[in-house]
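Note sheet for the following structure.
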There are 2 protein chains.
Amino acid sequence: MRARDLVADYPVVTLETPILDAARLMAEQDLPGLIVQGDETFTILSGTEALRLAVPRYIADDPALARVVDEAHADTFMEALGGRTVREALPRDRRELPVTDPDATVLEMSALMARTRTPLVAIVEDGRLLGAVTLERLLDRMLGT
Amino acid sequence: MRARDLVADYPVVTLETPILDAARLMAEQDLPGLIVQGDETFTILSGTEALRLAVPRYIADDPALARVVDEAHADTFMEALGGRTVREALPRDRRELPVTDPDATVLEMSALMARTRTPLVAIVEDGRLLGAVTLERLLDRMLGT
């Protein structure tokens, strides 16, 4: 079984998509991440990466502050996301993209998800996006659930 | 809004649960991870962590091998998981556990998920497990989807 046998259509956003729209898409469709059409290649934005932007820098730097910030100001969460884009949420120092080709084996996709800690991989052939394989789909097929 | 307002029941496994059972539970219920009852505390096993064990060490060490391994031997995937436990799948060098208490704020949980790259956190009060807050639930409540 190869990526081409498991790949399925999957929502795609761009680098300029507002992060709030991306988060809504993930929440509404219960997705573990989104495919991102980048400048030169595709990549994945995971849910936890999107969340990073929701935490104002001054709070991320001082976790104790996240406890004392009055939750009446839960708006802080939304304010932090307002106007930010998917581009800003993507990690800058990513060494390996969760992207592979349709000939990738199940073991290869498993290793890629494990190494990148991303529960889905984009499947790209000659620069053309075919879709994604999710961890859920991979497990379903391997375990026969 | 605090963790106590968002926490919900969530499947729990132990350190000795076979990783195949844990993977099946995740696949069947479409869960991003599981709560693990540890020796002294609770923690989280994420889907991508469970997957690490599915990749035989000799393949993880040499990604090119994952491509050439004949997929007629997809059994390799299952064999690698057979007899292994949740304990073996948990990262040993984890610096911070995705665990917090019921007073944790939305910002605090967001920062914790982002730092640990785990899409759910266990909520524990005085050593007693209350349940989990998932990234999906957090986004749902914050975005009103």
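By convention in this document, the chains of the structure tokens carry letters A, B, ... by their order, each chain's residues are numbered from 1, and ligands are numbered from 1 in the order they are shown.
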Counting only C-alpha atoms, chain B residues within 6 Å of chain A, as a PyMOL selection string | chain B and resi 1+27+48+52+66-67+71+105+107-108+114+117+136+139-140
With C-alpha atoms retained, could you export that selection as a PDB file, in the first residue's frame?
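Written output follows (selection-v3.pdb):
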ATOM      1  CA  MET B   1     -13.201  30.345  31.026  1.00  0.00           C
ATOM      2  CA  ALA B  27      -8.482   5.023  15.114  1.00  0.00           C
ATOM      3  CA  THR B  48       2.288  10.610  16.244  1.00  0.00           C
ATOM      4  CA  ARG B  52       6.905   5.990  16.242  1.00  0.00           C
ATOM      5  CA  ALA B  66      11.303   2.809   4.297  1.00  0.00           C
ATOM      6  CA  ARG B  67      10.941   3.371   0.568  1.00  0.00           C
ATOM      7  CA  GLU B  71       4.835  -3.195   0.793  1.00  0.00           C
ATOM      8  CA  THR B 105      -6.957  29.480  31.682  1.00  0.00           C
ATOM      9  CA  LEU B 107      -4.376  30.991  27.270  1.00  0.00           C
ATOM     10  CA  GLU B 108      -2.479  28.682  29.578  1.00  0.00           C
ATOM     11  CA  ALA B 114       1.688  24.756  21.569  1.00  0.00           C
ATOM     12  CA  ARG B 117       2.936  20.128  20.400  1.00  0.00           C
ATOM     13  CA  GLU B 136     -10.747  20.907  18.956  1.00  0.00           C
ATOM     14  CA  LEU B 139     -11.076  26.111  19.362  1.00  0.00           C
ATOM     15  CA  ASP B 140     -14.807  25.338  19.287  1.00  0.00           C
TER      16      ASP B 140
END
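Close contacts of Leu34 (chain B), defined as residues with an atom at most 8 Å away when counting only C-alpha atoms, with chain neighbours fewer than 3 positions off set aside, comprise Tyr10, Pro11, Val12, Val13, Ala22, Met26, Leu31, Ile44, Leu45 and Ser46 of chain B.
For the pair CA of Asp101 (chain A) and CA of Val36 (chain A), the interatomic distance is 15.9 Å.
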Output as a ChimeraX atom specification all residues of chain B that backbone DSSP marks as alpha helix (DSSP H).
-> /B:3-6,19-29,47-52,57-60,63-68,75-81,86-89,106-116,135-143
Correct to one decimal, the distance CA of Ala122 (chain A)-CA of Thr134 (chain A) is 8.8 Å
As a check of understanding: the span from CA of Thr14 (chain B) to CA of Ala80 (chain B) is 19.6 Å
